[in-house]
Structures are given as structure tokens and as C-alpha cells.
Amino acid sequence: MTAPTMTLTPSAAKRIALIAEKQARPPILRLSVEGGGCSGFQYKFDLAEAPDGDDMVSETDGVRLVVDPMSLELVGGSVVDFVESLGGAAFKVENPNAAAGCGCGSSFGI
């Protein structure tokens with residue numbers, strides 16, 4: 001059995017690189033999952049200084065996406081994108097494991 005992977009789109013990688021540069025931090029996005037939100041779980045995004053030893057690491061255009069093992073069980077196989085629309089701009093997780101989601105796209109249910 002292979003470990004689940006995650007993908008960062010070029011659009012998301014470009015946005016993370018821009019944010020990291022403005023904050024003088026490494027271009028590493030940490031995606032984690034916390035209890036809460038409208039649907040049971042919510043996505044949390046942070047810039048990280050470095051991956052932890054047991055993190056899953058994916059790289060796109062020099063930008064790394066890191067996910068801890070517990071969160072990876074809930075979001076493995078997902079694609080992280082950055083979308084801009086009339087309603088604003090946000091990171092969006094396309095999670096194949098989510099059975100339900102909310103209108104804002106920041107929480108999900110399994």
C-alpha cells in the first residue's frame with residue numbers, strides 16, 4: 001500500500017511563494033485538520049519554518065506542502081488550489097475523502 005499524497009497546484013504555489021517572500025519565511029505551507037467548522041472538520045493553513053520528521057512533503061515549483069500524519073488520514077489525495085473570484089481569493093482543498101462540505105469551503109465532513 002502506498003502512502004497517500006497531496007498536490008499543490010501551480011496557482012497555489014505561486015501565491016504561497018509571494019506570501020512567504022513578503023514575510024521573509026521559507027515557502028512551506030502546512031495544511032492541518034482541526035475539529036470544528038460547519039461540517040465537523042476544518043482546514044488550517046500556516047507557513048512553516050521546516051517540515052517535521054514524519055510529515056508528508058510535496059513540492060510544486062519550489063514550494064513545499066507539508067501535512068502531518070493525523071491530518072493526512074483525512075485529506076490524503078487532495079489537491080490544494082488558490083482561487084480568485086468576485087467573492088474574494090482563498091486557498092481551496094479538493095478533498096476526495098470529504099462526504100460533505102460547507103458553502104465557504106473551509107470545513108468538511110467524512
# chains A, B, ... in the order shown; residues from 1 in each chain; ligands from 1

call {"tool": "residues_around", "arguments": {"residues": "stretch 51-55 of chain A", "least_positions_apart": "4", "cutoff": "10 Å", "atoms": "only C-alpha atoms", "output": "ChimeraX atom specification"}}
result
/A:28-30,64-72

call {"tool": "write_last_selection", "arguments": {"atoms": "N, CA and C atoms", "output": "PDB file, in the first residue's frame"}}
result
ATOM      1  N   ILE A  28       6.943  27.244   2.603  1.00  0.00           N
ATOM      2  CA  ILE A  28       6.442  25.945   3.055  1.00  0.00           C
ATOM      3  C   ILE A  28       5.057  26.159   3.659  1.00  0.00           C
ATOM      4  N   LEU A  29       4.038  25.564   3.043  1.00  0.00           N
ATOM      5  CA  LEU A  29       2.672  25.661   3.545  1.00  0.00           C
ATOM      6  C   LEU A  29       2.344  24.415   4.346  1.00  0.00           C
ATOM      7  N   ARG A  30       1.913  24.593   5.594  1.00  0.00           N
ATOM      8  CA  ARG A  30       1.461  23.470   6.407  1.00  0.00           C
ATOM      9  C   ARG A  30      -0.057  23.446   6.368  1.00  0.00           C
ATOM     10  N   ARG A  64       6.915  23.960  -0.955  1.00  0.00           N
ATOM     11  CA  ARG A  64       6.569  22.684  -0.334  1.00  0.00           C
ATOM     12  C   ARG A  64       5.246  22.764   0.417  1.00  0.00           C
ATOM     13  N   LEU A  65       4.492  21.686   0.327  1.00  0.00           N
ATOM     14  CA  LEU A  65       3.267  21.483   1.090  1.00  0.00           C
ATOM     15  C   LEU A  65       3.575  20.376   2.081  1.00  0.00           C
ATOM     16  N   VAL A  66       3.339  20.624   3.376  1.00  0.00           N
ATOM     17  CA  VAL A  66       3.596  19.615   4.395  1.00  0.00           C
ATOM     18  C   VAL A  66       2.301  19.316   5.149  1.00  0.00           C
ATOM     19  N   VAL A  67       2.104  18.019   5.449  1.00  0.00           N
ATOM     20  CA  VAL A  67       0.906  17.566   6.149  1.00  0.00           C
ATOM     21  C   VAL A  67       1.314  16.534   7.182  1.00  0.00           C
ATOM     22  N   ASP A  68       0.844  16.706   8.419  1.00  0.00           N
ATOM     23  CA  ASP A  68       1.156  15.740   9.471  1.00  0.00           C
ATOM     24  C   ASP A  68       0.373  14.436   9.253  1.00  0.00           C
ATOM     25  N   PRO A  69       0.838  13.315   9.811  1.00  0.00           N
ATOM     26  CA  PRO A  69       0.204  12.010   9.572  1.00  0.00           C
ATOM     27  C   PRO A  69      -1.278  11.946   9.963  1.00  0.00           C
ATOM     28  N   MET A  70      -1.665  12.559  11.080  1.00  0.00           N
ATOM     29  CA  MET A  70      -3.077  12.523  11.503  1.00  0.00           C
ATOM     30  C   MET A  70      -3.971  13.251  10.499  1.00  0.00           C
ATOM     31  N   SER A  71      -3.539  14.422  10.051  1.00  0.00           N
ATOM     32  CA  SER A  71      -4.323  15.184   9.075  1.00  0.00           C
ATOM     33  C   SER A  71      -4.347  14.468   7.731  1.00  0.00           C
ATOM     34  N   LEU A  72      -3.232  13.820   7.387  1.00  0.00           N
ATOM     35  CA  LEU A  72      -3.135  13.143   6.102  1.00  0.00           C
ATOM     36  C   LEU A  72      -4.184  12.038   5.964  1.00  0.00           C
TER      37      LEU A  72
END

call {"tool": "closest_residue", "arguments": {"among": "A:Leu31, A:Ala48, A:Ala24, A:Ala12", "to": "A:Val83", "atoms": "only C-alpha atoms"}}
result
A:Ala12

call {"tool": "atom_distance", "arguments": {"atom1": "atom CA of A:Arg25", "atom2": "atom CA of A:Lys92"}}
result
21.8 Å

call {"tool": "residues_around", "arguments": {"residues": "A:Ala13", "least_positions_apart": "5", "cutoff": "7 Å", "atoms": "only C-alpha atoms", "output": "ChimeraX atom specification"}}
result
/A:8,60-61,63

call {"tool": "closest_residue", "arguments": {"among": "A:Glu94, A:Ala99, A:Gly87, A:Val80", "to": "A:Thr7", "atoms": "only C-alpha atoms"}}
result
A:Val80
